[in-house]
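Step one of this worksheet: look at the structure below.
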Amino acid sequence: MKTETLAAVKTEAPSARPRRTFFQRHEALILGGGAVLLALAIWEYYWSTGRISPLFGSGPSAIAKQFHYGWTQGTLRSDMAYSGRNFAVGFAIALGAGVVLGIIIGWYRRVRLVLNPFLSLLFATPRVAMVPLIILWFGIGMKSKVFIVFLSAFFPILINTVAGVRTMDADLLRAARAFCASDWQIFKTLAIPGSVPFILTGVRQGVALGLIGVVVGEMLGASEGIGLMIVYSGNISAADSVFVGVLIIAFAGLLLTSLTERLERRFSRWRPDR
(Lines give C-alpha, C1' and ligand atoms only; values in the text may rest on other atoms or scores of the structure.)
Protein backbone atom coordinates (compact mmCIF):
# COMPACT_ATOMS: atom_id res chain seq x y z
CA MET A 1 0.00 0.00 0.00
CA LYS A 2 2.82 2.38 0.94
CA THR A 3 4.67 1.58 -2.30
CA GLU A 4 1.59 2.44 -4.37
CA THR A 5 1.18 5.74 -2.50
CA LEU A 6 4.81 6.73 -3.13
CA ALA A 7 4.46 5.85 -6.79
CA ALA A 8 1.38 8.01 -7.07
CA VAL A 9 3.15 10.91 -5.42
CA LYS A 10 6.10 10.61 -7.79
CA THR A 11 3.76 10.45 -10.76
CA GLU A 12 1.93 13.62 -9.69
CA ALA A 13 5.10 15.62 -9.04
CA PRO A 14 5.23 18.76 -11.19
CA SER A 15 7.49 18.65 -14.19
CA ALA A 16 10.63 20.79 -14.23
CA ARG A 17 10.30 24.31 -15.63
CA PRO A 18 11.34 24.35 -19.30
CA ARG A 19 14.75 25.88 -19.86
CA ARG A 20 14.61 29.34 -21.43
CA THR A 21 16.37 29.94 -24.71
CA PHE A 22 19.18 32.47 -25.20
CA PHE A 23 16.74 34.89 -26.83
CA GLN A 24 14.28 34.64 -23.95
CA ARG A 25 17.02 35.30 -21.39
CA HIS A 26 18.31 38.38 -23.25
CA GLU A 27 15.12 39.50 -25.00
CA ALA A 28 15.21 43.10 -23.73
CA LEU A 29 18.87 43.56 -24.67
CA ILE A 30 18.49 41.98 -28.13
CA LEU A 31 15.32 43.86 -29.10
CA GLY A 32 16.37 47.17 -27.56
CA GLY A 33 19.94 46.99 -28.87
CA GLY A 34 18.76 45.90 -32.29
CA ALA A 35 16.34 48.82 -32.51
CA VAL A 36 19.10 51.28 -31.56
CA LEU A 37 21.52 49.83 -34.12
CA LEU A 38 18.86 49.95 -36.84
CA ALA A 39 18.06 53.57 -36.02
CA LEU A 40 21.77 54.49 -36.13
CA ALA A 41 22.19 52.72 -39.47
CA ILE A 42 19.24 54.58 -41.00
CA TRP A 43 20.49 57.85 -39.54
CA GLU A 44 24.01 57.31 -40.94
CA TYR A 45 22.61 56.37 -44.35
CA TYR A 46 20.63 59.60 -44.65
CA TRP A 47 23.66 61.58 -43.44
CA SER A 48 26.19 59.92 -45.75
CA THR A 49 23.93 60.35 -48.79
CA GLY A 50 23.64 64.09 -48.18
CA ARG A 51 19.95 64.07 -47.30
CA ILE A 52 20.72 65.80 -44.00
CA SER A 53 22.20 69.29 -44.27
CA PRO A 54 25.36 69.87 -42.17
CA LEU A 55 23.87 73.21 -41.13
CA PHE A 56 20.88 71.61 -39.45
CA GLY A 57 22.01 68.12 -38.51
CA SER A 58 24.78 65.57 -38.34
CA GLY A 59 25.39 61.84 -38.49
CA PRO A 60 26.69 59.24 -36.01
CA SER A 61 30.12 59.05 -37.65
CA ALA A 62 30.57 62.85 -37.67
CA ILE A 63 29.42 63.07 -34.04
CA ALA A 64 31.86 60.34 -33.03
CA LYS A 65 34.72 62.15 -34.82
CA GLN A 66 33.87 65.42 -33.10
CA PHE A 67 33.71 63.69 -29.72
CA HIS A 68 37.13 62.11 -30.32
CA TYR A 69 38.59 65.44 -31.44
CA GLY A 70 37.26 67.33 -28.41
CA TRP A 71 38.41 64.58 -26.06
CA THR A 72 41.94 64.42 -27.43
CA GLN A 73 42.23 68.22 -27.45
CA GLY A 74 41.15 68.34 -23.81
CA THR A 75 38.40 70.94 -24.22
CA LEU A 76 35.60 68.38 -23.94
CA ARG A 77 37.12 66.81 -20.85
CA SER A 78 37.39 70.24 -19.25
CA ASP A 79 33.75 71.06 -20.03
CA MET A 80 32.56 67.69 -18.74
CA ALA A 81 34.56 68.07 -15.53
CA TYR A 82 33.19 71.56 -14.94
CA SER A 83 29.57 70.52 -15.50
CA GLY A 84 30.10 67.37 -13.46
CA ARG A 85 31.41 69.34 -10.48
CA ASN A 86 28.52 71.79 -10.65
CA PHE A 87 26.02 68.95 -10.75
CA ALA A 88 27.67 66.86 -8.03
CA VAL A 89 27.96 69.71 -5.52
CA GLY A 90 24.49 71.12 -6.20
CA PHE A 91 22.83 67.71 -6.09
CA ALA A 92 24.63 66.69 -2.89
CA ILE A 93 23.39 69.85 -1.16
CA ALA A 94 19.87 69.27 -2.51
CA LEU A 95 19.90 65.66 -1.31
CA GLY A 96 21.03 66.53 2.19
CA ALA A 97 18.73 69.53 2.59
CA GLY A 98 15.74 67.82 0.94
CA VAL A 99 15.93 64.69 3.09
CA VAL A 100 16.54 66.49 6.41
CA LEU A 101 13.92 69.19 5.84
CA GLY A 102 11.47 66.66 4.39
CA ILE A 103 11.73 64.46 7.49
CA ILE A 104 11.21 67.47 9.77
CA ILE A 105 8.23 68.77 7.78
CA GLY A 106 6.67 65.33 7.49
CA TRP A 107 7.03 64.56 11.19
CA TYR A 108 6.12 67.92 12.74
CA ARG A 109 2.71 69.21 11.66
CA ARG A 110 3.23 72.77 12.87
CA VAL A 111 6.53 73.12 11.05
CA ARG A 112 4.74 71.95 7.91
CA LEU A 113 2.02 74.58 8.40
CA VAL A 114 4.58 77.36 8.87
CA LEU A 115 6.83 76.48 5.91
CA ASN A 116 4.20 75.29 3.45
CA PRO A 117 3.28 78.76 2.04
CA PHE A 118 6.91 79.67 1.35
CA LEU A 119 7.79 76.30 -0.17
CA SER A 120 4.64 76.25 -2.30
CA LEU A 121 5.41 79.71 -3.66
CA LEU A 122 9.01 78.82 -4.45
CA PHE A 123 7.98 75.49 -5.99
CA ALA A 124 5.45 77.19 -8.27
CA THR A 125 8.03 79.68 -9.56
CA PRO A 126 9.67 78.53 -12.83
CA ARG A 127 13.38 77.90 -12.25
CA VAL A 128 14.32 79.38 -15.62
CA ALA A 129 12.70 82.69 -14.66
CA MET A 130 14.97 82.84 -11.61
CA VAL A 131 18.23 82.20 -13.48
CA PRO A 132 18.95 85.88 -14.34
CA LEU A 133 18.39 86.82 -10.71
CA ILE A 134 20.61 83.98 -9.51
CA ILE A 135 23.39 85.06 -11.88
CA LEU A 136 22.97 88.62 -10.59
CA TRP A 137 23.42 87.37 -7.02
CA PHE A 138 26.22 84.84 -7.55
CA GLY A 139 27.82 85.86 -10.86
CA ILE A 140 28.57 83.51 -13.76
CA GLY A 141 30.95 81.30 -11.80
CA MET A 142 30.44 77.97 -10.13
CA LYS A 143 28.25 79.26 -7.28
CA SER A 144 25.35 80.23 -9.54
CA LYS A 145 25.40 76.86 -11.35
CA VAL A 146 25.50 74.96 -8.06
CA PHE A 147 22.54 76.98 -6.75
CA ILE A 148 20.51 76.36 -9.92
CA VAL A 149 21.17 72.60 -9.69
CA PHE A 150 20.24 72.68 -5.99
CA LEU A 151 17.01 74.55 -6.68
CA SER A 152 16.08 72.16 -9.51
CA ALA A 153 16.73 68.92 -7.60
CA PHE A 154 15.64 70.03 -4.13
CA PHE A 155 11.85 69.95 -4.47
CA PRO A 156 11.37 66.41 -5.83
CA ILE A 157 13.50 65.06 -2.99
CA LEU A 158 11.71 67.19 -0.40
CA ILE A 159 8.18 66.36 -1.58
CA ASN A 160 8.83 62.61 -1.78
CA THR A 161 10.53 62.56 1.62
CA VAL A 162 7.55 64.32 3.22
CA ALA A 163 5.22 61.81 1.55
CA GLY A 164 7.33 58.93 2.85
CA VAL A 165 7.30 60.15 6.45
CA ARG A 166 3.55 60.78 6.39
CA THR A 167 2.72 57.45 4.71
CA MET A 168 3.45 54.98 7.48
CA ASP A 169 1.88 51.54 7.67
CA ALA A 170 -1.21 52.02 9.85
CA ASP A 171 -1.10 48.44 11.25
CA LEU A 172 2.54 48.78 12.28
CA LEU A 173 1.85 52.18 13.84
CA ARG A 174 -1.05 50.76 15.90
CA ALA A 175 1.13 47.83 16.97
CA ALA A 176 3.92 50.18 18.03
CA ARG A 177 1.47 52.29 20.02
CA ALA A 178 0.06 49.14 21.65
CA PHE A 179 3.56 48.23 22.87
CA CYS A 180 3.96 51.78 24.27
CA ALA A 181 6.67 52.77 21.80
CA SER A 182 7.88 56.35 22.15
CA ASP A 183 7.71 58.88 19.33
CA TRP A 184 11.47 58.59 18.85
CA GLN A 185 11.26 54.78 18.56
CA ILE A 186 8.44 55.06 16.03
CA PHE A 187 10.36 57.70 14.11
CA LYS A 188 13.57 55.65 14.07
CA THR A 189 12.09 52.22 13.34
CA LEU A 190 9.05 53.04 11.18
CA ALA A 191 9.19 56.53 9.68
CA ILE A 192 12.82 56.52 8.51
CA PRO A 193 12.91 53.00 6.94
CA GLY A 194 9.49 53.55 5.37
CA SER A 195 10.70 56.80 3.80
CA VAL A 196 13.66 55.23 1.96
CA PRO A 197 11.71 54.10 -1.17
CA PHE A 198 10.07 57.53 -1.42
CA ILE A 199 13.43 59.28 -1.00
CA LEU A 200 14.90 57.18 -3.82
CA THR A 201 11.98 58.14 -6.04
CA GLY A 202 12.74 61.78 -5.30
CA VAL A 203 16.43 61.20 -6.03
CA ARG A 204 15.60 59.73 -9.44
CA GLN A 205 13.40 62.70 -10.30
CA GLY A 206 15.93 65.14 -8.86
CA VAL A 207 18.73 63.71 -11.02
CA ALA A 208 16.82 64.50 -14.22
CA LEU A 209 15.87 68.01 -13.11
CA GLY A 210 19.36 68.67 -11.76
CA LEU A 211 20.91 67.86 -15.13
CA ILE A 212 18.46 70.22 -16.80
CA GLY A 213 19.41 72.85 -14.25
CA VAL A 214 23.14 72.62 -14.86
CA VAL A 215 22.69 72.89 -18.64
CA VAL A 216 20.27 75.82 -18.39
CA GLY A 217 22.57 77.64 -15.99
CA GLU A 218 25.57 77.23 -18.27
CA MET A 219 23.56 78.22 -21.33
CA LEU A 220 22.50 81.54 -19.83
CA GLY A 221 25.78 82.53 -18.25
CA ALA A 222 29.05 80.60 -17.95
CA SER A 223 32.68 80.64 -19.00
CA GLU A 224 32.82 76.88 -19.70
CA GLY A 225 30.74 73.71 -19.43
CA ILE A 226 28.59 71.47 -21.61
CA GLY A 227 25.73 73.98 -21.67
CA LEU A 228 27.99 76.74 -22.95
CA MET A 229 29.43 74.36 -25.55
CA ILE A 230 25.93 73.56 -26.83
CA VAL A 231 24.98 77.25 -27.11
CA TYR A 232 28.26 78.30 -28.73
CA SER A 233 28.17 75.40 -31.20
CA GLY A 234 24.59 76.25 -32.12
CA ASN A 235 25.51 79.88 -32.76
CA ILE A 236 28.20 78.86 -35.26
CA SER A 237 26.01 76.12 -36.83
CA ALA A 238 28.29 73.29 -35.62
CA ALA A 239 25.55 70.68 -35.36
CA ASP A 240 27.94 67.82 -34.62
CA SER A 241 29.24 69.60 -31.49
CA VAL A 242 25.68 70.34 -30.40
CA PHE A 243 24.84 66.64 -30.68
CA VAL A 244 27.97 65.74 -28.69
CA GLY A 245 26.84 67.95 -25.80
CA VAL A 246 23.24 66.75 -25.92
CA LEU A 247 24.26 63.08 -25.99
CA ILE A 248 26.68 63.53 -23.08
CA ILE A 249 23.87 64.93 -20.93
CA ALA A 250 21.47 62.23 -22.17
CA PHE A 251 23.84 59.36 -21.36
CA ALA A 252 24.68 60.87 -17.96
CA GLY A 253 20.98 61.06 -17.16
CA LEU A 254 20.40 57.51 -18.40
CA LEU A 255 23.23 56.13 -16.26
CA LEU A 256 22.23 57.96 -13.08
CA THR A 257 18.51 57.21 -13.37
CA SER A 258 19.26 53.53 -14.08
CA LEU A 259 21.30 53.33 -10.88
CA THR A 260 18.58 54.98 -8.81
CA GLU A 261 15.91 52.74 -10.37
CA ARG A 262 17.90 49.68 -9.26
CA LEU A 263 18.06 51.06 -5.74
CA GLU A 264 14.33 51.77 -5.88
CA ARG A 265 13.57 48.17 -6.83
CA ARG A 266 15.85 46.89 -4.08
CA PHE A 267 14.10 48.91 -1.37
CA SER A 268 10.58 48.74 -2.83
CA ARG A 269 9.58 46.10 -0.28
CA TRP A 270 10.08 48.75 2.41
CA ARG A 271 7.31 50.87 0.90
CA PRO A 272 4.26 50.64 3.16
CA ASP A 273 0.99 49.28 1.76
CA ARG A 274 -1.76 51.84 1.36
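Ordering of the C-alpha coordinates sets the chain letters (A, B, ...), residue numbers begin anew at 1 in every chain, and ligands are numbered from 1 in the order given.
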Please provide the set of residues having any atom within 8 Å of Asp79 in chain A, restricted to only C-alpha atoms, with same-chain residues fewer than 3 positions apart removed, written as a list in words.
-> Thr75, Leu76, Tyr82, Ser83, Glu224, Gly225, Ile226 and Met229 of chain A
Nearby residues (only C-alpha atoms) at most 10 Å from range 135-151 of chain A, same-chain spacing under 5 positions excluded, as a PyMOL selection string | chain A and resi 82-83+85-95+97-98+122-123+127-128+130+156+206-207+209-218+220-224
Run DSSP on the backbone and give me the residues of range 48-193 of chain A it puts in alpha helix (DSSP H), as a VMD selection string.
-> chain A and resid 48 60 to 73 75 to 107 109 to 124 127 to 138 142 to 166 170 to 178 183 to 186 192 to 193
Using only C-alpha atoms, find each residue of range 56-121 of chain A with at least one atom at most 10 Å away from an atom of range 246-253 of chain A; report its shortest atom-to-atom pair and that distance in Å (one decimal), sort the rows by chain and rising residue number, and return the result as JSON lines.
```
{"residue": "A:Ile63", "atom": "CA", "partner": "A:Leu247", "partner_atom": "CA", "distance": 9.6}
{"residue": "A:Phe67", "atom": "CA", "partner": "A:Ile248", "partner_atom": "CA", "distance": 9.7}
{"residue": "A:Met80", "atom": "CA", "partner": "A:Ile248", "partner_atom": "CA", "distance": 8.4}
{"residue": "A:Ser83", "atom": "CA", "partner": "A:Ile249", "partner_atom": "CA", "distance": 9.7}
{"residue": "A:Gly84", "atom": "CA", "partner": "A:Ala252", "partner_atom": "CA", "distance": 9.6}
```
Could those residues be written to a file, using N, CA and C atoms, as a PDB file, in the first residue's frame?
```
ATOM      1  N   ILE A  63      29.508  62.789 -35.474  1.00  0.00           N
ATOM      2  CA  ILE A  63      29.422  63.068 -34.037  1.00  0.00           C
ATOM      3  C   ILE A  63      30.533  62.347 -33.290  1.00  0.00           C
ATOM      4  N   PHE A  67      33.476  64.077 -31.115  1.00  0.00           N
ATOM      5  CA  PHE A  67      33.707  63.688 -29.717  1.00  0.00           C
ATOM      6  C   PHE A  67      35.171  63.310 -29.510  1.00  0.00           C
ATOM      7  N   MET A  80      33.249  68.746 -19.471  1.00  0.00           N
ATOM      8  CA  MET A  80      32.562  67.690 -18.741  1.00  0.00           C
ATOM      9  C   MET A  80      32.900  67.736 -17.252  1.00  0.00           C
ATOM     10  N   SER A  83      31.002  70.807 -15.679  1.00  0.00           N
ATOM     11  CA  SER A  83      29.575  70.524 -15.496  1.00  0.00           C
ATOM     12  C   SER A  83      29.355  69.440 -14.449  1.00  0.00           C
ATOM     13  N   GLY A  84      30.222  68.444 -14.444  1.00  0.00           N
ATOM     14  CA  GLY A  84      30.102  67.371 -13.457  1.00  0.00           C
ATOM     15  C   GLY A  84      30.269  67.871 -12.033  1.00  0.00           C
TER      16      GLY A  84
END
```
Residue nearest Val196 in chain A - candidates A:Leu263, A:Val242, A:Ile230, A:Ala62, atoms counted: only C-alpha atoms = A:Leu263
How many Å lie between CA of Ser120 in chain A and CA of Leu200 in chain A, rounded to one decimal?
->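 The value is 21.7 Å.
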Could you work out how far CA of Ile159 in chain A lies from CA of Arg265 in chain A, giving the answer in Å with one decimal?
->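 Between CA of Arg265 in chain A and CA of Ile159 in chain A the gap works out to 19.7 Å.
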